[in-house]
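Student: Quick one, query_25.csv (CSV, C-alpha atoms):
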chain,number,residue,atom,x,y,z
A,1,MET,CA,2.8,44.1,-51.7
A,2,PRO,CA,1.3,47.2,-50.1
A,3,SER,CA,1.4,47.7,-46.4
A,4,SER,CA,-1.7,47.0,-44.3
A,5,SER,CA,-2.1,50.8,-43.7
A,6,ALA,CA,-2.0,51.5,-47.5
A,7,THR,CA,-4.5,48.7,-48.1
A,8,SER,CA,-6.9,50.0,-45.4
A,9,SER,CA,-6.6,53.5,-46.9
A,10,ALA,CA,-7.4,52.3,-50.3
A,11,LEU,CA,-10.4,50.3,-49.0
A,12,ALA,CA,-11.7,53.3,-47.1
A,13,ASP,CA,-12.1,55.3,-50.3
A,14,THR,CA,-14.5,52.7,-51.8
A,15,ASP,CA,-17.4,50.4,-51.0
A,16,ILE,CA,-15.1,47.3,-51.2
A,17,ASP,CA,-14.2,45.7,-47.9
A,18,ALA,CA,-11.2,43.5,-47.2
A,19,ASP,CA,-13.4,40.4,-46.9
A,20,ALA,CA,-14.7,40.8,-50.4
A,21,VAL,CA,-11.2,41.0,-51.9
A,22,ALA,CA,-10.1,38.0,-49.9
A,23,GLU,CA,-13.1,36.1,-51.1
A,24,VAL,CA,-12.1,36.8,-54.7
A,25,GLY,CA,-8.6,35.5,-54.0
A,26,ALA,CA,-10.0,32.3,-52.4
A,27,ALA,CA,-12.4,31.8,-55.3
A,28,TYR,CA,-9.5,32.1,-57.8
A,29,ASP,CA,-7.4,29.6,-55.8
A,30,ARG,CA,-10.3,27.1,-55.9
A,31,LEU,CA,-10.8,27.6,-59.7
A,32,HIS,CA,-7.1,27.4,-60.5
A,33,ASN,CA,-6.6,24.3,-58.5
A,34,GLU,CA,-9.6,22.6,-60.1
A,35,ILE,CA,-8.6,23.4,-63.6
A,36,SER,CA,-5.0,22.3,-62.8
A,37,ARG,CA,-6.4,18.8,-61.9
A,38,VAL,CA,-7.2,18.4,-65.6
A,39,ILE,CA,-4.7,20.7,-67.4
A,40,VAL,CA,-1.1,19.8,-66.8
A,41,GLY,CA,1.2,22.8,-66.7
A,42,GLN,CA,0.1,26.1,-68.4
A,43,ASP,CA,-0.2,27.7,-65.0
A,44,ALA,CA,0.4,31.2,-66.4
A,45,ILE,CA,-2.2,30.6,-69.1
A,46,ILE,CA,-4.8,29.5,-66.6
A,47,THR,CA,-4.2,32.6,-64.4
A,48,GLN,CA,-4.5,34.9,-67.4
A,49,VAL,CA,-7.7,33.2,-68.6
A,50,CYS,CA,-9.2,33.6,-65.1
A,51,ALA,CA,-8.1,37.3,-65.1
A,52,SER,CA,-9.9,37.9,-68.4
A,53,LEU,CA,-13.0,36.2,-67.0
A,54,PHE,CA,-13.1,38.2,-63.8
A,55,ALA,CA,-12.4,41.4,-65.7
A,56,ARG,CA,-15.3,40.7,-68.1
A,57,GLY,CA,-13.0,40.4,-71.1
A,58,HIS,CA,-12.6,37.9,-73.9
A,59,THR,CA,-9.6,35.8,-74.8
A,60,LEU,CA,-7.9,34.6,-78.0
A,61,LEU,CA,-6.0,31.4,-77.6
A,62,VAL,CA,-3.2,30.8,-80.2
A,63,GLY,CA,-1.3,27.5,-80.4
A,64,VAL,CA,-0.5,24.5,-82.5
A,65,PRO,CA,-2.9,21.5,-82.4
A,66,GLY,CA,-2.8,19.3,-79.4
A,67,LEU,CA,-2.0,21.9,-76.7
A,68,ALA,CA,-5.3,21.4,-74.9
A,69,LYS,CA,-6.9,24.7,-76.0
A,70,THR,CA,-10.3,23.1,-76.3
A,71,LEU,CA,-9.9,21.1,-73.2
A,72,LEU,CA,-8.9,24.2,-71.2
A,73,VAL,CA,-12.2,26.0,-72.2
A,74,ARG,CA,-14.3,22.9,-71.5
A,75,THR,CA,-12.7,22.4,-68.1
A,76,LEU,CA,-13.2,26.0,-67.2
A,77,SER,CA,-17.0,25.8,-68.0
A,78,ARG,CA,-17.3,22.7,-65.9
A,79,ALA,CA,-15.4,24.2,-62.9
A,80,LEU,CA,-17.7,27.2,-63.1
A,81,ASN,CA,-21.0,25.2,-63.6
A,82,LEU,CA,-21.9,27.5,-66.5
A,83,SER,CA,-23.6,26.7,-69.8
A,84,PHE,CA,-21.1,26.0,-72.5
A,85,ASN,CA,-21.3,25.8,-76.3
A,86,ARG,CA,-18.7,25.1,-78.8
A,87,ILE,CA,-18.9,26.6,-82.3
A,88,GLN,CA,-16.7,25.0,-84.9
A,89,PHE,CA,-16.0,27.7,-87.4
A,90,THR,CA,-16.0,26.6,-91.1
A,91,PRO,CA,-16.0,28.5,-94.4
A,92,ASP,CA,-19.7,27.8,-94.9
A,93,LEU,CA,-20.9,28.9,-91.5
A,94,MET,CA,-23.5,31.7,-91.7
A,95,PRO,CA,-24.2,34.5,-89.1
A,96,SER,CA,-27.6,33.0,-88.3
A,97,ASP,CA,-25.9,29.7,-87.4
A,98,ILE,CA,-24.3,31.5,-84.5
A,99,THR,CA,-27.0,34.0,-83.4
A,100,GLY,CA,-30.1,32.0,-84.2
A,101,THR,CA,-33.0,32.7,-86.6
A,102,ASP,CA,-36.8,33.1,-86.9
A,103,ILE,CA,-38.7,30.1,-88.1
A,104,ILE,CA,-42.3,29.7,-89.0
A,105,GLN,CA,-44.4,27.7,-86.4
A,106,GLU,CA,-48.0,26.6,-86.8
A,107,THR,CA,-50.3,26.5,-83.8
A,108,ASP,CA,-53.0,23.9,-83.2
A,109,ASP,CA,-55.7,26.2,-84.7
A,110,GLY,CA,-53.7,26.6,-87.9
A,111,GLN,CA,-52.3,30.1,-87.2
A,112,ARG,CA,-48.7,30.7,-88.3
A,113,HIS,CA,-46.2,32.9,-86.6
A,114,PHE,CA,-42.5,33.5,-86.4
A,115,GLU,CA,-40.6,32.0,-83.4
A,116,PHE,CA,-37.0,32.8,-82.6
A,117,VAL,CA,-34.7,29.8,-82.2
A,118,GLN,CA,-31.6,30.7,-80.2
A,119,GLY,CA,-28.2,30.0,-81.7
A,120,PRO,CA,-25.2,28.5,-79.8
A,121,VAL,CA,-24.0,32.0,-78.8
A,122,PHE,CA,-26.7,32.0,-76.1
A,123,ALA,CA,-24.5,30.4,-73.4
A,124,ASN,CA,-22.3,31.7,-70.6
A,125,ILE,CA,-19.0,30.4,-72.1
A,126,ILE,CA,-18.5,30.2,-75.9
A,127,LEU,CA,-15.6,28.3,-77.5
A,128,ALA,CA,-15.1,29.8,-81.0
A,129,ASP,CA,-12.9,27.1,-82.4
A,130,GLU,CA,-10.6,28.2,-85.3
A,131,ILE,CA,-12.4,31.5,-85.6
A,132,ASN,CA,-10.2,32.5,-88.5
A,133,ARG,CA,-11.7,29.7,-90.7
A,134,THR,CA,-14.9,31.5,-91.3
A,135,PRO,CA,-15.6,34.6,-93.5
A,136,PRO,CA,-15.6,38.1,-92.0
A,137,LYS,CA,-19.4,38.4,-92.0
A,138,THR,CA,-19.7,35.4,-89.7
A,139,GLN,CA,-16.8,36.5,-87.6
A,140,ALA,CA,-18.5,39.9,-87.1
A,141,ALA,CA,-21.7,38.2,-85.8
A,142,LEU,CA,-19.8,36.8,-82.9
A,143,LEU,CA,-17.7,39.9,-82.3
A,144,GLU,CA,-20.9,42.0,-82.1
A,145,ALA,CA,-22.2,39.8,-79.4
A,146,MET,CA,-18.8,40.0,-77.6
A,147,GLN,CA,-18.8,43.8,-77.6
A,148,GLU,CA,-22.5,44.6,-77.1
A,149,ARG,CA,-23.5,41.4,-75.1
A,150,HIS,CA,-26.7,41.1,-77.1
A,151,VAL,CA,-27.9,39.7,-80.4
A,152,THR,CA,-30.0,41.5,-83.0
A,153,ALA,CA,-32.1,39.2,-85.1
A,154,GLY,CA,-35.4,39.6,-86.8
A,155,GLY,CA,-35.5,43.3,-85.8
A,156,GLN,CA,-35.3,42.6,-82.1
A,157,THR,CA,-32.5,42.9,-79.6
A,158,ARG,CA,-32.0,39.9,-77.3
A,159,PRO,CA,-29.6,40.2,-74.4
A,160,LEU,CA,-27.2,37.5,-73.6
A,161,ASP,CA,-27.1,36.0,-70.1
A,162,ALA,CA,-24.3,37.1,-67.8
A,163,PRO,CA,-21.6,36.1,-67.3
A,164,PHE,CA,-20.7,36.0,-71.0
A,165,PHE,CA,-17.2,34.9,-71.9
A,166,VAL,CA,-15.8,34.1,-75.3
A,167,LEU,CA,-12.6,32.1,-75.8
A,168,ALA,CA,-11.6,31.9,-79.5
A,169,THR,CA,-8.8,29.6,-80.8
A,170,GLN,CA,-6.5,30.0,-83.8
A,171,ASN,CA,-3.8,27.7,-85.3
A,172,PRO,CA,-0.8,29.9,-86.1
A,173,ILE,CA,1.0,27.4,-88.5
A,174,GLU,CA,-1.8,26.6,-90.9
A,175,GLN,CA,-3.0,29.7,-92.8
A,176,GLU,CA,-4.4,28.1,-96.0
A,177,GLY,CA,-8.1,28.8,-96.5
A,178,THR,CA,-8.3,31.1,-93.5
A,179,TYR,CA,-9.7,34.6,-93.0
A,180,PRO,CA,-7.4,36.5,-90.5
A,181,LEU,CA,-9.2,38.7,-88.1
A,182,PRO,CA,-8.9,42.4,-88.9
A,183,GLU,CA,-7.0,44.4,-86.4
A,184,ALA,CA,-10.1,46.3,-85.4
A,185,GLN,CA,-11.8,43.0,-84.5
A,186,LEU,CA,-8.7,41.6,-82.8
A,187,ASP,CA,-8.9,44.7,-80.5
A,188,ARG,CA,-12.2,43.3,-79.1
A,189,PHE,CA,-10.2,40.5,-77.3
A,190,MET,CA,-8.8,41.6,-74.0
A,191,LEU,CA,-5.9,39.0,-74.1
A,192,ASN,CA,-4.0,37.2,-76.8
A,193,LEU,CA,-2.5,34.1,-75.2
A,194,TRP,CA,0.1,32.0,-76.9
A,195,LEU,CA,0.2,28.4,-75.7
A,196,ASP,CA,3.7,26.8,-75.8
A,197,TYR,CA,4.7,23.2,-75.9
A,198,PRO,CA,4.8,21.5,-72.5
A,199,SER,CA,8.1,20.6,-70.8
A,200,PHE,CA,9.4,17.1,-71.0
A,201,GLN,CA,8.1,16.2,-67.5
A,202,GLU,CA,4.7,17.9,-68.2
A,203,GLU,CA,4.3,15.9,-71.4
A,204,VAL,CA,5.1,12.7,-69.6
A,205,GLU,CA,2.4,13.5,-67.1
A,206,VAL,CA,-0.1,14.4,-69.9
A,207,VAL,CA,0.6,11.0,-71.6
A,208,ARG,CA,0.3,9.1,-68.3
A,209,THR,CA,-3.1,10.7,-67.4
A,210,THR,CA,-4.7,10.7,-70.8
A,211,THR,CA,-3.9,7.1,-71.7
A,212,ALA,CA,-5.4,5.7,-68.5
A,213,ASP,CA,-8.9,4.3,-68.2
A,214,ALA,CA,-10.3,7.0,-66.0
A,215,LEU,CA,-9.7,10.6,-67.1
A,216,PRO,CA,-9.8,13.4,-64.5
A,217,GLU,CA,-12.7,15.8,-64.7
A,218,ALA,CA,-13.3,19.2,-63.1
A,219,LYS,CA,-16.0,19.6,-60.5
A,220,PRO,CA,-18.1,22.9,-60.1
A,221,VAL,CA,-16.5,25.2,-57.6
A,222,LEU,CA,-18.2,28.5,-58.6
A,223,THR,CA,-21.7,29.5,-59.6
A,224,ALA,CA,-22.8,32.2,-62.1
A,225,GLU,CA,-24.0,34.5,-59.3
A,226,GLU,CA,-20.6,34.2,-57.6
A,227,VAL,CA,-18.7,35.0,-60.8
A,228,ILE,CA,-20.9,38.1,-61.5
A,229,ARG,CA,-20.3,39.3,-57.9
A,230,TYR,CA,-16.5,38.8,-58.1
A,231,GLN,CA,-16.5,40.6,-61.4
A,232,GLN,CA,-18.1,43.6,-59.7
A,233,VAL,CA,-15.5,43.5,-56.9
A,234,VAL,CA,-12.7,43.5,-59.4
A,235,ARG,CA,-14.2,46.5,-61.2
A,236,GLN,CA,-14.6,48.4,-58.0
A,237,LEU,CA,-11.0,48.1,-56.8
A,238,PRO,CA,-9.3,51.5,-56.5
A,239,VAL,CA,-6.3,52.4,-58.6
A,240,THR,CA,-3.8,55.2,-58.0
A,241,ASP,CA,-3.4,58.0,-60.6
A,242,ASN,CA,0.3,57.1,-60.9
A,243,LEU,CA,-0.6,53.5,-62.0
A,244,ILE,CA,-3.1,54.7,-64.5
A,245,GLU,CA,-0.5,57.2,-65.9
A,246,TYR,CA,2.0,54.3,-66.1
A,247,ALA,CA,-0.4,52.1,-68.1
A,248,VAL,CA,-1.3,55.0,-70.4
A,249,ASP,CA,2.3,56.0,-70.9
A,250,LEU,CA,3.3,52.3,-71.7
A,251,VAL,CA,0.5,52.2,-74.4
A,252,ALA,CA,1.4,55.7,-75.7
A,253,GLN,CA,5.0,54.6,-76.3
A,254,THR,CA,3.8,51.9,-78.8
A,255,ARG,CA,2.5,54.6,-81.2
A,256,PRO,CA,5.2,55.3,-83.8
A,257,SER,CA,6.1,58.8,-84.8
A,258,THR,CA,4.6,60.4,-81.6
A,259,LYS,CA,6.4,62.4,-78.9
A,260,ARG,CA,6.4,59.5,-76.4
A,261,ALA,CA,7.5,56.8,-78.8
A,262,PRO,CA,11.2,55.7,-78.6
A,263,GLN,CA,13.1,55.7,-81.8
A,264,TYR,CA,13.1,51.9,-82.1
A,265,VAL,CA,9.2,51.9,-81.9
A,266,SER,CA,9.1,54.4,-84.8
A,267,ASP,CA,11.6,52.2,-86.7
A,268,TYR,CA,9.9,48.9,-86.2
A,269,LEU,CA,6.1,49.4,-85.8
A,270,GLU,CA,3.5,50.2,-88.4
A,271,TYR,CA,1.0,51.4,-85.7
A,272,GLY,CA,0.5,51.1,-82.0
A,273,ALA,CA,-2.2,50.2,-79.5
A,274,GLY,CA,-5.3,52.3,-78.9
A,275,PRO,CA,-7.0,53.4,-75.6
A,276,ARG,CA,-8.7,50.0,-75.1
A,277,ALA,CA,-5.2,48.6,-74.4
A,278,SER,CA,-4.8,51.1,-71.5
A,279,GLN,CA,-8.2,50.1,-70.1
A,280,TYR,CA,-7.4,46.4,-70.3
A,281,LEU,CA,-4.0,46.9,-68.7
A,282,ILE,CA,-5.7,48.4,-65.6
A,283,LEU,CA,-8.6,45.8,-65.6
A,284,GLY,CA,-6.1,42.9,-65.8
A,285,ALA,CA,-4.0,44.4,-63.1
A,286,LYS,CA,-7.0,44.7,-60.9
A,287,ALA,CA,-7.9,41.0,-61.4
A,288,LEU,CA,-4.3,39.9,-60.6
A,289,ALA,CA,-4.3,42.0,-57.5
A,290,ALA,CA,-7.6,40.6,-56.3
A,291,PHE,CA,-6.2,37.0,-56.9
A,292,ASP,CA,-3.4,37.9,-54.5
A,293,GLY,CA,-5.9,39.3,-52.0
A,294,ARG,CA,-4.6,42.9,-52.5
A,295,ALA,CA,-6.9,45.9,-52.4
A,296,THR,CA,-5.2,47.8,-55.2
A,297,PRO,CA,-3.0,46.8,-58.1
A,298,LEU,CA,0.7,47.6,-58.4
A,299,GLU,CA,3.0,48.4,-61.4
A,300,GLU,CA,4.1,44.8,-61.4
A,301,ASP,CA,0.5,43.7,-62.1
A,302,VAL,CA,0.4,45.9,-65.2
A,303,ARG,CA,3.8,44.5,-66.3
A,304,ARG,CA,2.5,40.9,-65.8
A,305,ILE,CA,-0.5,41.4,-68.0
A,306,ALA,CA,1.2,43.7,-70.6
A,307,LEU,CA,2.4,41.1,-73.1
A,308,PRO,CA,-1.0,39.4,-73.7
A,309,VAL,CA,-2.8,42.7,-73.8
A,310,LEU,CA,-0.5,44.4,-76.3
A,311,ARG,CA,0.8,41.7,-78.6
A,312,HIS,CA,-2.2,41.7,-80.9
A,313,ARG,CA,-2.7,45.5,-80.8
A,314,ILE,CA,0.6,46.5,-82.4
A,315,VAL,CA,1.8,45.7,-85.9
A,316,THR,CA,5.4,45.5,-87.0
A,317,ASN,CA,6.6,46.9,-90.3
A,318,PHE,CA,9.0,45.6,-93.0
A,319,ASN,CA,12.1,46.9,-91.2
A,320,ALA,CA,11.2,44.7,-88.2
A,321,GLU,CA,10.6,41.7,-90.4
A,322,ALA,CA,14.0,42.2,-92.1
A,323,ASP,CA,15.8,42.5,-88.8
A,324,GLY,CA,13.9,39.6,-87.2
A,325,ILE,CA,12.1,41.8,-84.6
A,326,THR,CA,8.8,40.6,-83.3
A,327,THR,CA,6.0,42.4,-81.4
A,328,GLU,CA,7.1,40.5,-78.3
A,329,ASP,CA,10.6,41.9,-78.7
A,330,VAL,CA,9.3,45.5,-78.9
A,331,ILE,CA,6.9,45.0,-75.9
A,332,GLN,CA,9.7,43.5,-73.8
A,333,ARG,CA,12.1,46.3,-74.6
A,334,LEU,CA,9.5,48.8,-73.6
A,335,LEU,CA,9.0,47.0,-70.3
A,336,ASP,CA,12.7,46.8,-69.7
A,337,ALA,CA,13.1,50.5,-70.3
Represent the structure contained in this file as structure tokens.

Tutor:
Amino acid sequence: MPSSSATSSALADTDIDADAVAEVGAAYDRLHNEISRVIVGQDAIITQVCASLFARGHTLLVGVPGLAKTLLVRTLSRALNLSFNRIQFTPDLMPSDITGTDIIQETDDGQRHFEFVQGPVFANIILADEINRTPPKTQAALLEAMQERHVTAGGQTRPLDAPFFVLATQNPIEQEGTYPLPEAQLDRFMLNLWLDYPSFQEEVEVVRTTTADALPEAKPVLTAEEVIRYQQVVRQLPVTDNLIEYAVDLVAQTRPSTKRAPQYVSDYLEYGAGPRASQYLILGAKALAAFDGRATPLEEDVRRIALPVLRHRIVTNFNAEADGITTEDVIQRLLDA
């Protein structure tokens, strides 16, 4: 953790004051505690989801059925007192089923006109459930909204309300009848989070709480206006040139057959991460620093967020598959080096 003099110096170079940073940390503590009342375990996942939210990113949740992916998203929306829509992706889902469409309406005097009916994407928090079960054309409709934060329909552009946060889910073990997201579309997600099975004691607590008569529910602890303000604070946190160079160098090392790539990267990777990964490493590090009440992020913050930022942006080749090397193995080796 930086010294008080270093923190004061960092704050002096920006319009951010120490109270604003402390306020973000306190807000995160309230949000994390409220979600933890409903979600047993998964503390690291909750922190990373909050980091993505405060950094204005989007998150892909990957895990087998029954690991509370949907419950996590619904609990987050309740704790934030934001509008929430769940979109169940199916093979017959059309883009207009997500964005909305123009319908003909007739007035009292017999005049007819087109009126736009908003789709479920017009909400603050979107749960895109099993996003890989719908064709690419429908996937692209949501991904355009994620990137541009507006919807184009009927020749008109309609902005989405802020904050706008998409959490998509995927089942990693059932791939029959699915449409995997192309790598260019995966890059739109700030984080790719893998949910693991709970520990024995955590599962005991899950069974105890979910089989009782009264189930715990999250209560609102933050408003939309507060979330937007805290997102601005996170964006404005100062970052040293050394840390930016560290993040960029880490990403550059994932690109095979380049000067900065170690030999094992060239041996095991088909291609590496692009510049968006460097941006998200810094934004994620800023959010984690603010959660701790620190005015500027550290190298450790970049390392903490590196795995979920990079794992869906690098692709292994046949050599890696033959040797049993995963993307996580390559990322961890880069971090260890």

Student: Counting all atoms listed in the file, what is within 7 Å of Val73 in chain A, bar same-chain residues fewer than 4 positions away, as a PyMOL selection string?

Tutor: chain A and resi 69+77+127

Student: Quick one, how far is CA of His58 in chain A from CA of Thr327 in chain A?

Tutor: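 Straight-line distance from CA of His58 in chain A to CA of Thr327 in chain A works out to 20.6 Å.
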
Student: So that I can check the surroundings of Asn81 in chain A, please list as a ChimeraX atom specification every protein, DNA and RNA residue that reaches within 7 Å of it, counting only C-alpha atoms and ignoring chain neighbours fewer than 2 positions away.

Tutor: /A:77-79,83,220,222-223

Student: What lies within 7 Å of Tyr268 in chain A using all atoms listed in the file, ignoring chain neighbours under 2 positions off, as JSON, numbers by chain?

Tutor: {"A": [264, 265, 266, 270, 316, 317, 319, 320]}

Student: Could you write out the selected residues, including C-alpha atoms, as a compact mmCIF listing (two decimals), in the coordinates of the input?

Tutor:
# COMPACT_ATOMS: atom_id res chain seq x y z
CA TYR A 264 13.10 51.90 -82.10
CA VAL A 265 9.20 51.90 -81.90
CA SER A 266 9.10 54.40 -84.80
CA GLU A 270 3.50 50.20 -88.40
CA THR A 316 5.40 45.50 -87.00
CA ASN A 317 6.60 46.90 -90.30
CA ASN A 319 12.10 46.90 -91.20
CA ALA A 320 11.20 44.70 -88.20

Student: I'd like the neighbourhood of Glu328 in chain A as a list in words, where a residue qualifies if any of its atoms comes within 9 Å (using only C-alpha atoms), though same-chain residues fewer than 5 positions away should be ignored.

Tutor: Leu307, Leu310, Arg311 and Arg333 of chain A

Student: Please list as a PyMOL selection string every residue within 6 Å of range 281-292 of chain A, counting all atoms listed in the file and excluding residues in the same chain fewer than 4 positions away.

Tutor: chain A and resi 21+25+28+51+55+234+297+301-302

Student: Could you check how far CA of Arg208 in chain A sits from CA of Leu67 in chain A, in Å to one decimal?

Tutor: 15.5 Å

Student: When distances are computed from only C-alpha atoms, which of A:Leu142, A:Ile125, A:Ala27, A:Val309 shows the smallest separation from Phe165 in chain A?

Tutor: A:Ile125

Student: CA of Asp241 in chain A and CA of Ser257 in chain A are how many Å apart?

Tutor: 26.0 Å

Student: Using all atoms listed in the file for the distances, tell me which of A:Val24, A:Ile103, A:Ala168, A:Leu186 is nearest to Gln88 in chain A.

Tutor: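 Among the listed residues, the smallest separation from Gln88 in chain A belongs to A:Ala168.
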
Student: Using all atoms listed in the file, give me every residue within 8 Å of (-9.1, 49.8, -57.6) in file coordinates, as a count of residues only.

Tutor: 12

Student: Under the rule that all atoms listed in the file are counted, which of A:Phe84, A:Lys137, A:Ser278, A:Asn124 is the nearest residue to Pro159 in chain A?

Tutor: A:Asn124

Student: Go through A:Phe89, A:Phe114, A:Phe164, A:Phe54 one by one, measure the shortest atom-to-atom distance of each to Ile126 in chain A using only C-alpha atoms, and give the residue with the smallest value.

Tutor: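 Ranked by minimum distance to Ile126 in chain A, first place goes to A:Phe164.
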
Student: Check the smallest atom-to-atom distance from each of A:Val330, A:Leu60, A:Ile244, A:Leu82 to Leu167 in chain A using all atoms listed in the file, then report the winner.

Tutor: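 Of A:Val330, A:Leu60, A:Ile244, A:Leu82, the one nearest Leu167 in chain A is A:Leu60, counting all atoms listed in the file.
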